[in-house]
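Below is one structure, written out as structure tokens; the observations come after it.
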Amino acid sequence: EKLVYVADRRVWLSTPYFVPTTAALYALTSAAMRGVDTRVMIPKKSDSRLVDLAARSYFEPLLKAGVRVFEYQPRMLHTKALVVDEAFAILGSANFDNRSFTTNFEMSMAVHEAHIVRELEAVWHEDQADSVEIGKDRKRDPFPRRLGQAVARLGAPLL
């Protein structure tokens, strides 16, 4: 989260499981509100319906803050990367969820090399071409889906 708070130009996050902690959500939304190009990419459909529902419960605060949200369409998104500004990235096995942050034994690598960040940027653009951006003006989900999202979000600390 601290890395997101110090970003000047961009914060691009790709993750198959997006269930942020409150602190991580605030970091992303505050980055967008201060003018940082903040983007989140998740799969349209992961291998966990519960995680999918929980992830979508965060769309409204992200979009209201100015975060651009993308749903990767073709298949499960496996990329787990955070790109910050021009020369910093984090790659690894950690998802953007509480379990990865606190419980699971995940491995991540911090990279401070501009040429690697440029390569990750190219991968991001390829994945973005296979994604649909979720707009602020999207139609509100029907009540049963919103209820499912709310219930799934209650379990977010365990997901």
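Chain lettering (A, B, ...) mirrors the order of the structure tokens, residue numbering begins at 1 for each chain separately, and ligand numbering begins at 1 in order of display.
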Near stretch 126-133 of chain A, within 6 Å and counting only C-alpha atoms, which residues show up once chain neighbours fewer than 6 positions away are dropped, as a tab-separated table (two decimals) with all heavy atoms, in the first residue's frame?
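Output (part01.tsv):
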chain	number	residue	atom	x	y	z
A	69	VAL	N	-11.41	0.48	-14.15
A	69	VAL	CA	-11.55	-0.95	-13.85
A	69	VAL	C	-11.78	-1.71	-15.15
A	69	VAL	O	-12.64	-1.32	-15.95
A	69	VAL	CB	-12.71	-1.21	-12.87
A	69	VAL	CG1	-12.88	-2.70	-12.61
A	69	VAL	CG2	-12.48	-0.44	-11.56
A	70	PHE	N	-11.02	-2.77	-15.34
A	70	PHE	CA	-11.11	-3.59	-16.55
A	70	PHE	C	-11.39	-5.04	-16.18
A	70	PHE	O	-10.82	-5.56	-15.23
A	70	PHE	CB	-9.78	-3.54	-17.33
A	70	PHE	CG	-9.43	-2.18	-17.82
A	70	PHE	CD1	-8.73	-1.30	-17.02
A	70	PHE	CD2	-9.81	-1.76	-19.10
A	70	PHE	CE1	-8.41	-0.02	-17.46
A	70	PHE	CE2	-9.49	-0.49	-19.55
A	70	PHE	CZ	-8.79	0.38	-18.73
A	71	GLU	N	-12.28	-5.66	-16.96
A	71	GLU	CA	-12.53	-7.09	-16.83
A	71	GLU	C	-11.90	-7.80	-18.02
A	71	GLU	O	-12.30	-7.56	-19.18
A	71	GLU	CB	-14.03	-7.39	-16.80
A	71	GLU	CG	-14.69	-7.03	-15.50
A	71	GLU	CD	-16.15	-7.42	-15.47
A	71	GLU	OE1	-16.82	-7.42	-16.53
A	71	GLU	OE2	-16.63	-7.73	-14.37
A	72	TYR	N	-10.95	-8.65	-17.72
A	72	TYR	CA	-10.27	-9.45	-18.74
A	72	TYR	C	-11.23	-10.53	-19.21
A	72	TYR	O	-11.77	-11.28	-18.40
A	72	TYR	CB	-9.00	-10.04	-18.14
A	72	TYR	CG	-8.15	-10.83	-19.09
A	72	TYR	CD1	-7.42	-10.21	-20.09
A	72	TYR	CD2	-8.09	-12.21	-18.98
A	72	TYR	CE1	-6.63	-10.94	-20.95
A	72	TYR	CE2	-7.30	-12.95	-19.84
A	72	TYR	CZ	-6.58	-12.31	-20.83
A	72	TYR	OH	-5.79	-13.04	-21.68
A	73	GLN	N	-11.45	-10.65	-20.53
A	73	GLN	CA	-12.52	-11.47	-21.07
A	73	GLN	C	-12.17	-12.92	-21.44
A	73	GLN	O	-12.97	-13.81	-21.16
A	73	GLN	CB	-13.10	-10.77	-22.33
A	73	GLN	CG	-13.65	-9.40	-22.06
A	73	GLN	CD	-14.86	-9.40	-21.18
A	73	GLN	OE1	-15.84	-10.09	-21.46
A	73	GLN	NE2	-14.83	-8.64	-20.10
- [ ] Within stretch 24-142 of chain A, find each residue whose DSSP state, derived from the backbone, is strand (DSSP E), and express the selection as number ranges by chain.
- [x] A: 37-43, 68-72, 81-84, 88-92, 96-97, 108-111, 131-134
Writing out the chosen residues with C-alpha atoms as a PDB file, in the first residue's frame:
ATOM      1  CA  ASP A  37      -3.549   7.040 -13.535  1.00  0.00           C
ATOM      2  CA  THR A  38      -4.935   4.195 -11.432  1.00  0.00           C
ATOM      3  CA  ARG A  39      -6.155   1.001 -13.099  1.00  0.00           C
ATOM      4  CA  VAL A  40      -7.285  -2.392 -11.860  1.00  0.00           C
ATOM      5  CA  MET A  41      -7.628  -5.450 -14.096  1.00  0.00           C
ATOM      6  CA  ILE A  42      -9.381  -8.600 -12.937  1.00  0.00           C
ATOM      7  CA  PRO A  43     -10.830 -11.544 -14.844  1.00  0.00           C
ATOM      8  CA  ARG A  68     -10.314   2.639 -14.212  1.00  0.00           C
ATOM      9  CA  VAL A  69     -11.549  -0.951 -13.848  1.00  0.00           C
ATOM     10  CA  PHE A  70     -11.106  -3.592 -16.547  1.00  0.00           C
ATOM     11  CA  GLU A  71     -12.530  -7.088 -16.828  1.00  0.00           C
ATOM     12  CA  TYR A  72     -10.267  -9.452 -18.744  1.00  0.00           C
ATOM     13  CA  ALA A  81       1.610  -7.467 -11.068  1.00  0.00           C
ATOM     14  CA  LEU A  82       1.638  -3.945  -9.733  1.00  0.00           C
ATOM     15  CA  VAL A  83       3.280  -1.311 -11.925  1.00  0.00           C
ATOM     16  CA  VAL A  84       4.084   2.007 -10.300  1.00  0.00           C
ATOM     17  CA  PHE A  88       9.008   0.130 -10.265  1.00  0.00           C
ATOM     18  CA  ALA A  89       6.959  -3.053 -10.228  1.00  0.00           C
ATOM     19  CA  ILE A  90       6.017  -5.906  -7.959  1.00  0.00           C
ATOM     20  CA  LEU A  91       5.547  -9.380  -9.458  1.00  0.00           C
ATOM     21  CA  GLY A  92       4.907 -12.690  -7.833  1.00  0.00           C
ATOM     22  CA  PHE A  96      -4.497  -8.512  -4.121  1.00  0.00           C
ATOM     23  CA  ASP A  97      -6.409 -10.010  -1.221  1.00  0.00           C
ATOM     24  CA  SER A 108       6.722 -11.391  -4.628  1.00  0.00           C
ATOM     25  CA  MET A 109       9.647  -9.629  -6.160  1.00  0.00           C
ATOM     26  CA  ALA A 110      10.168  -5.890  -6.258  1.00  0.00           C
ATOM     27  CA  VAL A 111      11.747  -4.688  -9.491  1.00  0.00           C
ATOM     28  CA  SER A 131     -10.664  -6.501 -21.658  1.00  0.00           C
ATOM     29  CA  VAL A 132     -13.817  -4.479 -21.250  1.00  0.00           C
ATOM     30  CA  GLU A 133     -13.629  -1.287 -19.235  1.00  0.00           C
ATOM     31  CA  ILE A 134     -16.317  -0.946 -16.604  1.00  0.00           C
TER      32      ILE A 134
END
Open item on the list: Considering only alpha helix (DSSP H) as DSSP defines it on the backbone, what residues of chain A qualify? List them as a PyMOL selection string.
Closed with: chain A and resi 2-5+22-33+49-56+59-65+98+114-129+143-154
Task: atom CA of A:Lys2 to atom CA of A:Ala23, distance in Å rounded to a single decimal - done: 9.6 Å
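Using only C-alpha atoms, the nearest neighbour of A:Ala65 within the list A:Ala24, A:Lys136, A:Arg49, A:Phe18 is A:Lys136.
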Contact residues around A:Met33 with only C-alpha atoms at 12 Å, ignoring same-chain residues under 2 positions, as a CSV table (one decimal) with all heavy atoms, in the first residue's frame:
chain,number,residue,atom,x,y,z
A,5,TYR,N,0.7,4.9,-2.3
A,5,TYR,CA,0.6,6.2,-1.8
A,5,TYR,C,1.7,7.2,-2.3
A,5,TYR,O,1.5,8.4,-2.4
A,5,TYR,CB,0.7,6.2,-0.3
A,5,TYR,CG,-0.6,5.9,0.4
A,5,TYR,CD1,-0.8,4.7,1.1
A,5,TYR,CD2,-1.8,6.7,0.2
A,5,TYR,CE1,-2.0,4.3,1.7
A,5,TYR,CE2,-3.0,6.3,0.8
A,5,TYR,CZ,-3.0,5.2,1.6
A,5,TYR,OH,-4.2,4.8,2.2
A,8,ASP,N,3.5,8.8,-8.4
A,8,ASP,CA,3.3,10.1,-9.0
A,8,ASP,C,2.5,10.1,-10.3
A,8,ASP,O,1.7,11.0,-10.6
A,8,ASP,CB,4.6,10.8,-9.3
A,8,ASP,CG,5.4,11.2,-8.1
A,8,ASP,OD1,4.8,11.6,-7.1
A,8,ASP,OD2,6.6,11.0,-8.1
A,26,TYR,N,-8.2,2.1,0.2
A,26,TYR,CA,-8.0,3.5,0.4
A,26,TYR,C,-6.8,4.0,-0.4
A,26,TYR,O,-6.7,5.1,-1.0
A,26,TYR,CB,-7.9,3.9,1.8
A,26,TYR,CG,-9.1,3.8,2.6
A,26,TYR,CD1,-9.1,3.7,4.0
A,26,TYR,CD2,-10.4,3.9,2.0
A,26,TYR,CE1,-10.3,3.6,4.7
A,26,TYR,CE2,-11.6,3.8,2.7
A,26,TYR,CZ,-11.5,3.7,4.1
A,26,TYR,OH,-12.7,3.6,4.8
A,27,ALA,N,-5.7,3.2,-0.5
A,27,ALA,CA,-4.5,3.5,-1.2
A,27,ALA,C,-4.9,3.7,-2.7
A,27,ALA,O,-4.5,4.7,-3.3
A,27,ALA,CB,-3.5,2.5,-1.0
A,28,LEU,N,-5.6,2.8,-3.3
A,28,LEU,CA,-6.0,2.9,-4.7
A,28,LEU,C,-6.9,4.1,-5.0
A,28,LEU,O,-6.6,4.8,-5.9
A,28,LEU,CB,-6.7,1.6,-5.1
A,28,LEU,CG,-5.8,0.4,-5.2
A,28,LEU,CD1,-6.6,-0.9,-5.5
A,28,LEU,CD2,-4.8,0.5,-6.3
A,29,THR,N,-7.9,4.3,-4.1
A,29,THR,CA,-8.8,5.4,-4.4
A,29,THR,C,-8.2,6.7,-4.1
A,29,THR,O,-8.4,7.7,-4.9
A,29,THR,CB,-10.1,5.2,-3.5
A,29,THR,OG1,-9.8,5.1,-2.1
A,29,THR,CG2,-10.9,4.0,-3.9
A,30,SER,N,-7.3,6.8,-3.2
A,30,SER,CA,-6.6,8.1,-2.9
A,30,SER,C,-5.6,8.4,-4.0
A,30,SER,O,-5.5,9.6,-4.4
A,30,SER,CB,-6.0,8.1,-1.6
A,30,SER,OG,-4.9,7.3,-1.5
A,31,ALA,N,-5.0,7.4,-4.6
A,31,ALA,CA,-4.1,7.6,-5.7
A,31,ALA,C,-4.9,8.2,-6.9
A,31,ALA,O,-4.5,9.2,-7.5
A,31,ALA,CB,-3.4,6.3,-6.2
A,35,GLY,N,-5.0,12.3,-8.9
A,35,GLY,CA,-4.7,12.4,-10.3
A,35,GLY,C,-3.7,11.4,-10.9
A,35,GLY,O,-3.3,11.5,-12.0
A,36,VAL,N,-3.4,10.3,-10.1
A,36,VAL,CA,-2.6,9.3,-10.6
A,36,VAL,C,-3.4,8.4,-11.5
A,36,VAL,O,-4.6,8.0,-11.1
A,36,VAL,CB,-2.0,8.5,-9.4
A,36,VAL,CG1,-1.2,7.3,-9.9
A,36,VAL,CG2,-1.1,9.4,-8.5
A,37,ASP,N,-2.9,8.0,-12.6
A,37,ASP,CA,-3.5,7.0,-13.5
A,37,ASP,C,-3.6,5.7,-12.8
A,37,ASP,O,-2.7,4.9,-12.8
A,37,ASP,CB,-2.8,7.0,-14.8
A,37,ASP,CG,-3.3,5.9,-15.8
A,37,ASP,OD1,-4.5,5.4,-15.6
A,37,ASP,OD2,-2.7,5.7,-16.8
A,38,THR,N,-4.8,5.4,-12.3
A,38,THR,CA,-4.9,4.2,-11.4
A,38,THR,C,-5.9,3.2,-12.1
A,38,THR,O,-7.0,3.6,-12.5
A,38,THR,CB,-5.5,4.6,-10.0
A,38,THR,OG1,-4.7,5.6,-9.5
A,38,THR,CG2,-5.5,3.4,-9.1
A,61,PRO,N,-16.9,2.1,-5.2
A,61,PRO,CA,-16.0,3.1,-4.7
A,61,PRO,C,-14.8,3.3,-5.5
A,61,PRO,O,-14.3,4.5,-5.6
A,61,PRO,CB,-15.6,2.5,-3.3
A,61,PRO,CG,-16.0,1.1,-3.3
A,61,PRO,CD,-17.1,1.0,-4.3
A,62,LEU,N,-14.3,2.3,-6.3
A,62,LEU,CA,-13.2,2.5,-7.2
A,62,LEU,C,-13.6,3.5,-8.3
A,62,LEU,O,-12.8,4.4,-8.6
A,62,LEU,CB,-12.7,1.2,-7.8
A,62,LEU,CG,-12.1,0.2,-6.8
A,62,LEU,CD1,-11.9,-1.2,-7.5
A,62,LEU,CD2,-10.7,0.7,-6.3
A,63,LEU,N,-14.7,3.2,-8.9
A,63,LEU,CA,-15.1,4.0,-10.1
A,63,LEU,C,-15.4,5.5,-9.6
A,63,LEU,O,-15.1,6.4,-10.3
A,63,LEU,CB,-16.3,3.4,-10.7
A,63,LEU,CG,-16.1,2.1,-11.4
A,63,LEU,CD1,-17.4,1.4,-11.8
A,63,LEU,CD2,-15.2,2.3,-12.6
A,64,LYS,N,-16.1,5.6,-8.5
A,64,LYS,CA,-16.3,7.0,-8.0
A,64,LYS,C,-15.1,7.8,-7.7
A,64,LYS,O,-15.0,9.0,-7.9
A,64,LYS,CB,-17.2,6.9,-6.7
A,64,LYS,CG,-18.6,6.7,-6.9
A,64,LYS,CD,-19.4,6.7,-5.6
A,64,LYS,CE,-20.9,6.5,-5.9
A,64,LYS,NZ,-21.7,6.5,-4.6
A,65,ALA,N,-14.0,7.1,-7.3
A,65,ALA,CA,-12.7,7.8,-7.0
A,65,ALA,C,-12.0,8.1,-8.3
A,65,ALA,O,-11.0,8.8,-8.3
A,65,ALA,CB,-11.9,6.9,-6.1
A,66,GLY,N,-12.3,7.5,-9.4
A,66,GLY,CA,-11.6,7.7,-10.7
A,66,GLY,C,-10.7,6.5,-11.1
A,66,GLY,O,-9.9,6.7,-12.1
A,67,VAL,N,-10.8,5.4,-10.4
A,67,VAL,CA,-10.0,4.3,-10.8
A,67,VAL,C,-10.6,3.7,-12.0
A,67,VAL,O,-11.8,3.5,-12.1
A,67,VAL,CB,-9.9,3.2,-9.7
A,67,VAL,CG1,-9.2,1.9,-10.1
A,67,VAL,CG2,-9.3,3.8,-8.4
A,68,ARG,N,-9.8,3.3,-13.0
A,68,ARG,CA,-10.3,2.6,-14.2
A,68,ARG,C,-10.3,1.1,-13.9
A,68,ARG,O,-9.3,0.6,-13.5
A,68,ARG,CB,-9.5,3.0,-15.4
A,68,ARG,CG,-9.6,4.5,-15.8
A,68,ARG,CD,-8.7,4.8,-17.0
A,68,ARG,NE,-9.2,4.2,-18.2
A,68,ARG,CZ,-8.5,4.1,-19.3
A,68,ARG,NH1,-7.3,4.6,-19.4
A,68,ARG,NH2,-9.0,3.4,-20.4
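Closest to A:Val11 among A:Arg56, A:Arg34, A:His115, A:Lys139 is A:Arg34, based on only C-alpha atoms.
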TODO: Take atom CA of A:Val4 and atom CA of A:Pro20 and report the distance between them in Å, one decimal.
DONE: 13.1 Å
Open item on the list: What's around A:Thr79 at 8 Å? Count only C-alpha atoms, leave out sequence neighbours fewer than 5 positions away in its own chain, and write the answer as a list in words.
Closed with: Ser14, Thr15 and Pro16 of chain A
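Reported to one decimal place, the separation of atom CA of A:Arg138 from atom CA of A:Ala152 is 21.0 Å.
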